[in-house]
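Listing of target-v1.cif, mmCIF, C-alpha atoms
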data_structure
#
loop_
_atom_site.label_atom_id
_atom_site.label_comp_id
_atom_site.auth_asym_id
_atom_site.auth_seq_id
_atom_site.Cartn_x
_atom_site.Cartn_y
_atom_site.Cartn_z
CA MET A 25 36.64 34.47 14.66
CA THR A 26 36.88 30.69 15.22
CA SER A 27 33.61 29.49 13.65
CA ASP A 28 35.40 28.23 10.53
CA LEU A 29 37.17 25.63 12.66
CA GLY A 30 34.01 23.54 12.65
CA THR A 31 32.91 24.08 9.07
CA ALA A 32 35.79 24.79 6.65
CA PRO A 33 37.61 21.91 4.89
CA VAL A 34 40.14 20.38 7.28
CA HIS A 35 43.09 20.52 4.88
CA LYS A 36 42.52 24.25 4.33
CA LEU A 37 42.25 24.83 8.09
CA LEU A 38 45.48 22.94 8.72
CA TRP A 39 47.37 25.13 6.30
CA LYS A 40 45.65 28.26 7.55
CA TYR A 41 46.76 27.56 11.13
CA ALA A 42 49.89 25.51 10.49
CA LEU A 43 51.60 27.61 7.82
CA PRO A 44 52.02 30.69 10.03
CA ALA A 45 53.19 28.42 12.86
CA ILE A 46 55.64 26.63 10.56
CA ILE A 47 57.02 29.95 9.31
CA ALA A 48 57.33 31.18 12.89
CA MET A 49 58.96 27.97 14.14
CA THR A 50 61.30 27.84 11.14
CA ALA A 51 62.27 31.44 11.78
CA THR A 52 63.01 30.51 15.41
CA SER A 53 65.07 27.55 14.23
CA LEU A 54 67.00 29.72 11.81
CA TYR A 55 67.73 32.12 14.66
CA ASN A 56 69.14 29.24 16.72
CA ILE A 57 71.28 28.18 13.78
CA VAL A 58 72.49 31.72 13.08
CA ASP A 59 73.12 32.24 16.79
CA SER A 60 75.25 29.08 16.85
CA ILE A 61 77.10 30.15 13.71
CA TYR A 62 77.92 33.55 15.22
CA ILE A 63 79.09 31.97 18.48
CA GLY A 64 80.98 29.14 16.76
CA HIS A 65 82.89 31.46 14.42
CA GLY A 66 83.14 34.44 16.78
CA CYS A 67 83.87 32.72 20.11
CA GLY A 68 85.30 29.31 19.13
CA ALA A 69 84.50 25.60 19.46
CA LEU A 70 84.51 25.70 23.28
CA ALA A 71 81.87 28.43 23.31
CA LEU A 72 79.78 26.34 20.90
CA GLY A 73 80.14 23.40 23.30
CA ALA A 74 79.12 25.67 26.19
CA LEU A 75 75.99 26.67 24.28
CA THR A 76 75.16 22.96 23.91
CA VAL A 77 75.54 22.59 27.69
CA ALA A 78 73.41 25.67 28.40
CA LYS A 79 70.64 24.78 25.94
CA PRO A 80 68.91 22.12 28.10
CA PHE A 81 68.86 24.57 31.01
CA MET A 82 67.33 27.23 28.77
CA ASP A 83 64.86 24.65 27.45
CA ILE A 84 63.83 23.76 31.01
CA CYS A 85 63.04 27.43 31.63
CA ALA A 86 60.98 27.54 28.44
CA ALA A 87 59.26 24.25 29.36
CA PHE A 88 57.58 25.91 32.33
CA GLY A 89 56.18 28.47 29.91
CA SER A 90 54.86 25.69 27.69
CA LEU A 91 53.36 23.95 30.74
CA VAL A 92 50.99 26.89 31.06
CA GLY A 93 50.76 28.07 27.46
CA VAL A 94 50.20 24.82 25.58
CA GLY A 95 47.75 23.47 28.14
CA ALA A 96 45.82 26.73 28.25
CA SER A 97 45.72 27.00 24.46
CA SER A 98 44.16 23.53 24.16
CA LEU A 99 41.67 24.48 26.88
CA LEU A 100 40.90 27.77 25.13
CA ALA A 101 40.18 25.95 21.85
CA ILE A 102 37.86 23.49 23.64
CA TYR A 103 35.96 26.32 25.41
CA LEU A 104 35.56 28.22 22.15
CA GLY A 105 34.22 25.05 20.54
CA GLU A 106 31.73 24.76 23.41
CA LYS A 107 30.81 28.50 23.04
CA ASP A 108 31.87 29.11 26.65
CA TYR A 109 33.32 32.59 26.08
CA GLU A 110 33.44 33.61 29.75
CA ARG A 111 35.81 30.79 30.62
CA ALA A 112 37.78 31.39 27.42
CA ASN A 113 38.57 34.92 28.60
CA ARG A 114 39.45 33.72 32.08
CA VAL A 115 42.03 31.41 30.48
CA LEU A 116 43.85 34.49 29.14
CA GLY A 117 44.13 36.20 32.52
CA ASN A 118 45.12 32.99 34.29
CA VAL A 119 47.93 32.38 31.77
CA ILE A 120 49.53 35.74 32.56
CA VAL A 121 49.32 35.28 36.33
CA MET A 122 50.58 31.68 36.31
CA ASN A 123 53.50 32.56 34.04
CA ILE A 124 54.59 35.43 36.28
CA ILE A 125 54.58 33.15 39.33
CA LEU A 126 56.39 30.26 37.64
CA SER A 127 58.98 32.48 35.95
CA ALA A 128 59.90 34.14 39.24
CA ILE A 129 60.43 30.76 40.90
CA VAL A 130 62.54 29.41 38.01
CA MET A 131 64.66 32.56 37.79
CA THR A 132 65.41 32.64 41.51
CA ALA A 133 66.30 28.95 41.75
CA GLY A 134 68.37 29.09 38.56
CA LEU A 135 70.46 32.06 39.67
CA ILE A 136 71.13 30.59 43.11
CA TRP A 137 72.38 27.24 41.81
CA LEU A 138 73.62 28.27 38.35
CA ASP A 139 77.13 26.81 38.31
CA PRO A 140 76.26 23.48 40.00
CA ILE A 141 73.43 23.04 37.49
CA LEU A 142 75.72 23.76 34.53
CA TYR A 143 78.36 21.32 35.78
CA ALA A 144 75.65 18.69 36.18
CA PHE A 145 74.53 19.42 32.62
CA GLY A 146 77.98 18.59 31.22
CA ALA A 147 80.04 21.78 31.61
CA SER A 148 83.79 21.42 32.11
CA GLU A 149 86.38 23.83 33.52
CA ASP A 150 86.94 25.04 29.97
CA THR A 151 83.28 25.71 29.10
CA ILE A 152 81.74 26.80 32.43
CA VAL A 153 82.64 30.49 31.99
CA TYR A 154 80.87 30.73 28.63
CA ALA A 155 77.84 28.79 29.86
CA HIS A 156 77.53 30.89 33.04
CA GLU A 157 77.72 34.20 31.16
CA TYR A 158 75.05 33.09 28.71
CA MET A 159 72.55 31.61 31.18
CA GLU A 160 72.80 34.42 33.74
CA ILE A 161 71.28 36.91 31.31
CA ILE A 162 68.73 34.39 29.99
CA LEU A 163 67.49 33.80 33.56
CA TYR A 164 67.07 37.52 34.26
CA GLY A 165 64.81 37.70 31.20
CA ASN A 166 62.93 34.51 32.04
CA ILE A 167 59.59 36.22 32.72
CA LEU A 168 59.58 37.49 29.12
CA THR A 169 60.24 33.98 27.80
CA HIS A 170 57.29 32.56 29.75
CA ILE A 171 54.81 35.24 28.72
CA TYR A 172 56.03 35.18 25.11
CA PHE A 173 55.44 31.44 24.70
CA GLY A 174 52.15 31.53 26.63
CA LEU A 175 50.57 34.37 24.66
CA ASN A 176 51.74 32.99 21.32
CA ALA A 177 49.97 29.70 22.04
CA LEU A 178 46.76 31.54 22.97
CA LEU A 179 46.89 33.69 19.84
CA ARG A 180 46.76 30.59 17.65
CA SER A 181 43.80 29.10 19.52
CA ALA A 182 42.00 32.46 19.50
CA GLY A 183 42.03 32.45 15.69
CA HIS A 184 45.10 34.64 15.05
CA PRO A 185 47.81 32.32 13.71
CA ARG A 186 49.26 35.04 11.45
CA PHE A 187 49.54 37.51 14.30
CA SER A 188 51.32 34.82 16.34
CA MET A 189 53.64 34.19 13.41
CA THR A 190 54.40 37.90 13.11
CA ALA A 191 55.28 38.13 16.79
CA THR A 192 57.80 35.33 16.37
CA ILE A 193 59.28 36.78 13.20
CA VAL A 194 59.65 40.18 14.88
CA ALA A 195 61.60 38.51 17.70
CA VAL A 196 63.77 36.52 15.31
CA VAL A 197 64.62 39.45 13.05
CA ILE A 198 65.57 41.68 15.97
CA ASN A 199 67.63 38.87 17.44
CA ILE A 200 69.53 38.23 14.23
CA ILE A 201 70.22 41.96 13.82
CA LEU A 202 71.43 42.40 17.41
CA ASP A 203 73.61 39.25 17.53
CA PRO A 204 76.51 40.48 15.37
CA ILE A 205 76.27 43.96 16.90
CA PHE A 206 76.63 42.64 20.45
CA ILE A 207 78.96 39.69 19.74
CA PHE A 208 81.36 41.35 17.29
CA GLY A 209 80.70 45.10 17.30
CA LEU A 210 80.55 45.52 21.09
CA ASP A 211 82.80 42.49 21.78
CA MET A 212 80.31 41.04 24.30
CA GLY A 213 80.77 37.40 23.25
CA VAL A 214 78.16 34.95 24.50
CA ARG A 215 76.69 37.60 26.80
CA GLY A 216 75.80 39.57 23.70
CA ALA A 217 73.97 36.59 22.21
CA ALA A 218 71.92 36.15 25.39
CA LEU A 219 71.12 39.86 25.66
CA ALA A 220 69.93 39.89 22.04
CA THR A 221 67.54 37.04 22.87
CA VAL A 222 66.04 38.84 25.88
CA ILE A 223 65.58 42.16 24.07
CA SER A 224 63.94 40.50 21.07
CA GLN A 225 61.45 38.65 23.28
CA ALA A 226 60.58 41.87 25.11
CA VAL A 227 59.62 43.52 21.82
CA ALA A 228 57.57 40.46 20.80
CA VAL A 229 55.63 40.50 24.10
CA VAL A 230 54.66 44.13 23.56
CA TRP A 231 53.42 43.18 20.07
CA GLN A 232 51.34 40.29 21.48
CA LEU A 233 49.76 42.43 24.18
CA THR A 234 48.36 44.86 21.60
CA LYS A 235 46.10 42.14 20.15
CA PHE A 236 44.65 41.13 23.51
CA MET A 237 44.02 44.80 24.37
CA ASP A 238 41.81 45.25 21.32
CA PRO A 239 38.19 45.77 22.60
CA ASN A 240 36.84 44.20 19.38
CA GLU A 241 38.47 40.84 20.12
CA LEU A 242 36.43 37.92 21.48
CA VAL A 243 39.31 36.93 23.77
CA ARG A 244 40.81 40.04 25.38
CA PHE A 245 41.97 41.64 28.62
CA HIS A 246 39.27 43.02 30.89
CA ARG A 247 38.29 43.06 34.56
CA GLY A 248 37.49 39.83 36.31
CA ILE A 249 39.86 37.52 34.43
CA TRP A 250 42.97 37.88 36.59
CA ARG A 251 41.95 35.89 39.67
CA LEU A 252 43.27 32.34 39.44
CA ASN A 253 40.43 29.92 38.77
CA ARG A 254 40.98 26.49 40.26
CA HIS A 255 39.18 24.62 37.49
CA ILE A 256 41.04 26.43 34.71
CA THR A 257 44.49 26.28 36.28
CA THR A 258 44.34 22.61 37.26
CA ARG A 259 42.93 21.51 33.91
CA ALA A 260 45.36 23.68 31.92
CA LEU A 261 48.30 22.34 33.92
CA ALA A 262 47.08 18.76 33.47
CA ILE A 263 46.80 19.16 29.69
CA GLY A 264 50.08 21.07 29.48
CA MET A 265 51.85 18.43 31.55
CA SER A 266 52.46 16.28 28.45
CA PRO A 267 54.54 18.80 26.45
CA PHE A 268 56.10 19.98 29.70
CA LEU A 269 57.27 16.50 30.62
CA TYR A 270 58.37 15.93 27.03
CA ASN A 271 60.53 19.06 27.15
CA ILE A 272 61.85 18.33 30.63
CA ALA A 273 62.60 14.73 29.70
CA HIS A 274 64.34 15.90 26.54
CA CYS A 275 66.48 18.25 28.62
CA PHE A 276 67.50 15.47 31.00
CA VAL A 277 68.28 13.21 28.05
CA VAL A 278 70.55 15.92 26.65
CA ILE A 279 72.18 16.24 30.07
CA ILE A 280 72.84 12.50 30.24
CA ILE A 281 74.11 12.38 26.66
CA ASN A 282 76.31 15.44 27.29
CA ASN A 283 77.84 13.74 30.32
CA GLN A 284 78.30 10.43 28.48
CA LEU A 285 79.97 12.27 25.61
CA LYS A 286 82.15 14.26 28.02
CA ASN A 287 83.28 11.03 29.71
CA PHE A 288 83.98 9.11 26.50
CA GLY A 289 84.80 11.81 23.94
CA GLY A 290 85.43 15.17 25.65
CA ASP A 291 84.22 18.68 24.85
CA LEU A 292 84.48 18.23 21.06
CA ALA A 293 82.04 15.30 21.18
CA ILE A 294 79.57 17.58 22.98
CA ALA A 295 80.15 20.25 20.33
CA SER A 296 79.40 17.63 17.63
CA TYR A 297 76.14 16.79 19.35
CA GLY A 298 75.31 20.50 19.43
CA VAL A 299 75.86 20.81 15.66
CA ILE A 300 73.61 17.80 14.94
CA ASN A 301 70.95 19.10 17.31
CA ARG A 302 70.90 22.44 15.52
CA LEU A 303 70.38 20.73 12.15
CA THR A 304 67.62 18.37 13.29
CA PHE A 305 66.07 21.09 15.44
CA ILE A 306 64.95 23.20 12.48
CA PHE A 307 62.98 20.30 11.00
CA ALA A 308 61.58 19.21 14.36
CA MET A 309 60.38 22.79 14.83
CA MET A 310 58.58 22.58 11.49
CA VAL A 311 56.75 19.51 12.78
CA MET A 312 55.95 21.40 15.97
CA GLY A 313 54.52 24.12 13.73
CA LEU A 314 52.32 21.52 12.07
CA ASN A 315 51.28 20.34 15.53
CA GLN A 316 50.42 23.88 16.56
CA GLY A 317 48.28 24.22 13.46
CA MET A 318 46.54 20.94 14.18
CA GLN A 319 45.90 21.78 17.85
CA PRO A 320 43.08 24.35 17.48
CA VAL A 321 41.50 22.33 14.66
CA ALA A 322 41.47 19.08 16.64
CA GLY A 323 40.60 20.75 19.96
CA TYR A 324 37.70 22.81 18.62
CA ASN A 325 36.17 19.91 16.67
CA TYR A 326 36.57 17.53 19.60
CA GLY A 327 34.73 20.04 21.80
CA ALA A 328 32.07 20.39 19.08
CA ARG A 329 31.82 16.55 18.77
CA HIS A 330 32.95 16.51 15.12
CA TYR A 331 35.11 13.44 15.63
CA ASP A 332 35.59 12.64 11.94
CA ARG A 333 37.25 16.04 11.50
CA VAL A 334 39.57 15.33 14.44
CA GLN A 335 40.65 12.10 12.76
CA GLN A 336 41.14 13.78 9.40
CA SER A 337 43.31 16.51 10.91
CA PHE A 338 45.49 13.84 12.54
CA TYR A 339 46.06 11.82 9.36
CA LEU A 340 46.91 14.87 7.29
CA THR A 341 49.33 16.21 9.90
CA CYS A 342 51.09 12.83 10.10
CA ALA A 343 51.60 12.80 6.33
CA TYR A 344 53.02 16.32 6.29
CA ALA A 345 55.27 15.63 9.30
CA THR A 346 56.74 12.53 7.68
CA GLY A 347 57.58 14.53 4.57
CA VAL A 348 59.33 17.22 6.63
CA MET A 349 61.45 14.75 8.59
CA GLY A 350 62.31 12.99 5.34
CA LEU A 351 64.23 16.13 4.32
CA VAL A 352 66.52 16.05 7.36
CA PHE A 353 67.06 12.33 6.73
CA ILE A 354 68.35 13.11 3.22
CA LEU A 355 70.55 16.02 4.35
CA GLY A 356 72.06 14.14 7.27
CA GLU A 357 72.76 10.95 5.32
CA CYS A 358 73.99 12.51 2.06
CA PHE A 359 75.58 15.84 3.03
CA PRO A 360 76.88 15.58 6.64
CA GLU A 361 80.16 17.41 6.00
CA LEU A 362 78.46 20.29 4.22
CA MET A 363 75.93 20.63 7.05
CA THR A 364 78.71 20.69 9.67
CA ARG A 365 80.76 23.34 7.86
CA MET A 366 77.91 25.80 8.32
CA PHE A 367 78.66 25.90 12.05
CA THR A 368 82.43 25.67 12.32
CA HIS A 369 85.73 25.84 10.43
CA ASP A 370 87.47 23.56 12.98
CA PRO A 371 88.69 20.54 10.91
CA GLU A 372 88.71 18.15 13.89
CA LEU A 373 85.17 19.03 14.87
CA ILE A 374 84.01 18.58 11.26
CA ALA A 375 85.65 15.16 11.02
CA ARG A 376 84.14 14.00 14.31
CA THR A 377 80.59 15.06 13.38
CA ILE A 378 80.09 13.26 10.04
CA HIS A 379 79.53 9.71 11.39
CA PRO A 380 77.24 10.61 14.33
CA MET A 381 75.14 12.82 12.06
CA ARG A 382 74.48 9.87 9.76
CA VAL A 383 73.64 7.62 12.72
CA ILE A 384 71.23 10.05 14.38
CA CYS A 385 69.48 11.02 11.13
CA SER A 386 68.88 7.36 10.19
CA SER A 387 65.61 7.30 12.19
CA MET A 388 64.24 10.70 11.22
CA LEU A 389 61.55 9.28 8.91
CA ILE A 390 59.52 7.89 11.84
CA ILE A 391 59.91 10.78 14.29
CA GLY A 392 57.16 12.92 12.77
CA PHE A 393 54.46 10.31 13.38
CA GLN A 394 55.42 9.92 17.05
CA MET A 395 55.38 13.69 17.64
CA VAL A 396 51.98 14.16 15.97
CA THR A 397 50.42 11.24 17.89
CA GLY A 398 51.42 12.74 21.23
CA ASN A 399 50.07 16.12 20.14
CA LEU A 400 46.72 14.56 19.16
CA PHE A 401 46.04 13.47 22.74
CA THR A 402 47.18 16.86 24.07
CA SER A 403 44.85 18.66 21.64
CA VAL A 404 41.74 16.77 22.77
CA GLY A 405 42.55 17.04 26.47
CA LYS A 406 43.51 13.40 27.10
CA ALA A 407 46.41 14.23 29.39
CA GLY A 408 47.23 10.71 30.59
CA LYS A 409 47.96 9.22 27.18
CA ALA A 410 49.75 12.36 26.05
CA ILE A 411 52.01 12.27 29.12
CA PHE A 412 52.79 8.58 28.58
CA LEU A 413 53.78 9.14 24.95
CA SER A 414 55.88 12.15 25.88
CA LEU A 415 57.85 9.97 28.29
CA THR A 416 58.39 6.88 26.12
CA ARG A 417 61.12 8.17 23.81
CA GLN A 418 62.83 10.49 26.27
CA VAL A 419 62.70 8.58 29.56
CA ILE A 420 61.55 5.00 29.12
CA TYR A 421 63.75 4.27 26.09
CA LEU A 422 66.46 6.86 25.46
CA ILE A 423 67.91 7.26 28.95
CA PRO A 424 68.46 3.51 29.48
CA MET A 425 69.83 3.13 25.96
CA ALA A 426 72.26 6.03 26.38
CA LEU A 427 73.56 4.45 29.59
CA LEU A 428 73.68 0.82 28.43
CA LEU A 429 74.62 0.76 24.73
CA PRO A 430 78.14 2.25 25.18
CA ARG A 431 79.07 -0.94 27.04
CA PHE A 432 78.49 -3.02 23.91
CA PHE A 433 80.62 -0.95 21.51
CA THR A 434 84.38 -0.95 21.09
CA ASP A 435 84.13 2.83 20.90
CA PRO A 436 81.67 3.80 23.69
CA VAL A 437 80.89 7.12 22.02
CA ASN A 438 79.39 5.20 19.11
CA GLY A 439 77.03 3.49 21.57
CA VAL A 440 75.81 6.92 22.70
CA TRP A 441 75.10 7.91 19.10
CA TRP A 442 73.19 4.70 18.33
CA SER A 443 71.03 5.01 21.45
CA ILE A 444 69.09 7.80 19.70
CA PRO A 445 67.78 5.97 16.57
CA VAL A 446 67.10 2.80 18.59
CA SER A 447 64.91 4.79 21.01
CA ASP A 448 63.17 6.58 18.15
CA THR A 449 62.15 3.25 16.64
CA LEU A 450 60.83 1.84 19.92
CA SER A 451 58.84 5.00 20.69
CA ALA A 452 57.22 5.00 17.24
CA ILE A 453 56.08 1.39 17.75
CA THR A 454 54.64 2.36 21.16
CA ALA A 455 52.76 5.29 19.60
CA VAL A 456 51.09 2.92 17.12
CA ILE A 457 49.94 0.64 19.96
CA VAL A 458 48.55 3.53 22.07
CA LEU A 459 46.75 5.00 19.07
CA LEU A 460 45.07 1.70 18.22
CA THR A 461 43.89 1.17 21.80
CA ALA A 462 42.46 4.71 22.00
CA ARG A 463 40.37 4.69 18.81
CA LYS A 464 37.01 4.49 20.58
CA SER A 465 37.79 7.30 23.03
CA LEU A 466 38.85 9.54 20.13
CA GLN A 467 35.45 8.95 18.57
CA GLY A 468 33.59 10.24 21.63
CA ALA A 469 33.19 6.98 23.56
CA LYS A 470 34.09 6.86 27.26
CA ASN A 471 37.54 5.53 28.21
#
Represent the structure of the file as structure tokens.
Amino acid sequence: MTSDLGTAPVHKLLWKYALPAIIAMTATSLYNIVDSIYIGHGCGALALGALTVAKPFMDICAAFGSLVGVGASSLLAIYLGEKDYERANRVLGNVIVMNIILSAIVMTAGLIWLDPILYAFGASEDTIVYAHEYMEIILYGNILTHIYFGLNALLRSAGHPRFSMTATIVAVVINIILDPIFIFGLDMGVRGAALATVISQAVAVVWQLTKFMDPNELVRFHRGIWRLNRHITTRALAIGMSPFLYNIAHCFVVIIINNQLKNFGGDLAIASYGVINRLTFIFAMMVMGLNQGMQPVAGYNYGARHYDRVQQSFYLTCAYATGVMGLVFILGECFPELMTRMFTHDPELIARTIHPMRVICSSMLIIGFQMVTGNLFTSVGKAGKAIFLSLTRQVIYLIPMALLLPRFFTDPVNGVWWSIPVSDTLSAITAVIVLLTARKSLQGAKN
């Protein structure tokens, strides 16, 4: 049931909804780290670089799932807050149908233009084989990725954060078990890593479906929810456009940085970026878990016109997020060599990763606030502001910085590294300005 969202203490609600999400997101992050460790040690530095090239493509595929899932989950929370249970159930059916359509389009386009896309993303003649083998299997399983992310988002808004967490942990555990079997035991290399991912998501989807088939659930599968509803689909897509654009923009930033690093530093520079991304990713995923916990709390109370509780949930989430990102700041600044050795035994790659890790981690303390602010506007259905904030760091600031700053450094690669903390700082300042200008609208006044 979701009634406690409007009555229970906000700090208890945040932990009730955020802790399972944090555990699930951390488990996902650990899988990505373990996956990289297996590939780095089992297939070599070039395969690790290929995984860095393939990751933005895989993230773009997942972004289409979040376009539907995150937007629909915010809409579901708002409808439940308004006691509109008929529309809440229609959201469930529409999520399934929209994800099937979008996943089929993405899979077909991706398979047709796979190699040109990978080359554009930074692949070289040495890494294209690994990247192609990995992404081909991921694309064939794309429908599972879409449905998995979509249903997990709905589970949290429907009042089942622990069930959502369990689905993720099931996927992660199966993935970690299958990785060494496929990569080393069956000698499948990167194909084995991709196949393990697809199989694990298939099992998780089956687990998710059992909850929505339960006739005792408020939000469940039944007749009449499968026909696409124009109001639901357009509003869900509008709300989900912010995280979608954030993810897409992030992917294009990675593509640009990969290409800049390939031009100025070669494949090992790309591999260094991949190592740093894996480290920062686990903490960013924790913040995303906090955001996912905040989303049903803020969305429900905004729909119920409890605006003071929306504000309280935001402030608490910001404080927690800053603490989380403070940990990666300490690790990256104080122990960069130790962090790098987890992923590779290549001495040259280790040596080339220490400095950029310190540079990139220098701005981690302010990232949490920017992420939570964007999520606040997504949670309450204010798509315009959420979209703007999702674009500031990734498009408005980071892309120009990544292209311009290398011109002002003796070593152009160093300019690429510094473009990241500079953009983080500018985007955090922008988030403060947007938040201050939107105070009245967040308290129920008209924009």
In Å, rounded to a single decimal, give me how far CA of Thr190 (chain A) is from CA of Leu340 (chain A).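 If I compute the distance from CA of Leu340 (chain A) to CA of Thr190 (chain A), I get 24.9 Å.
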Using only C-alpha atoms, can you list as a PyMOL selection string the residues within 10 Å of (65.9, 40.1, 25.2)? chain A and resi 161-162+164-166+168-169+195+198-199+202+217-228
Coordinates-based distance that separates CA of Gly93 (chain A) from CA of Leu389 (chain A) (Å, one decimal): 28.5 Å
Nearby residues (all atoms listed in the file) at most 12 Å from Ile354 (chain A), same-chain spacing under 2 positions excluded, as a list in words: Leu303, Thr304, Phe307, Gly347, Val348, Met349, Gly350, Leu351, Val352, Gly356, Glu357, Cys358, Phe359, Pro360, Met363, Met381, Arg382, Ile384, Cys385, Ser386, Ser387, Met388 and Leu389 of chain A
8 Å contact set for Ile294 (chain A), all atoms listed in the file, chain neighbours under 6 positions out, as a PyMOL selection string: chain A and resi 73+76-77+282+285-286
Nearest-residue call for Met237 (chain A), choices A:Leu116, A:Leu292, A:Ile306, A:Thr257, using all atoms listed in the file: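 Ranked by minimum distance to Met237 (chain A), first place goes to A:Leu116.
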Here is a test: counting all atoms listed in the file, which residue of A:Lys79, A:His246, A:Arg365, A:Arg215 is nearest to Phe145 (chain A)?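 Nearest to Phe145 (chain A): A:Lys79.
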Please write the residues picked by the PyMOL selection byres ((chain A and resi 425-442) around 12) on this file as a PyMOL selection string. chain A and resi 276-290+292-294+296-297+300+376-387+417-424+443-450
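Among A:Val94, A:Cys275, A:Leu362, A:Ile171, the residue with the shortest atom-to-atom distance to Met82 (chain A), counting only C-alpha atoms, is A:Cys275.
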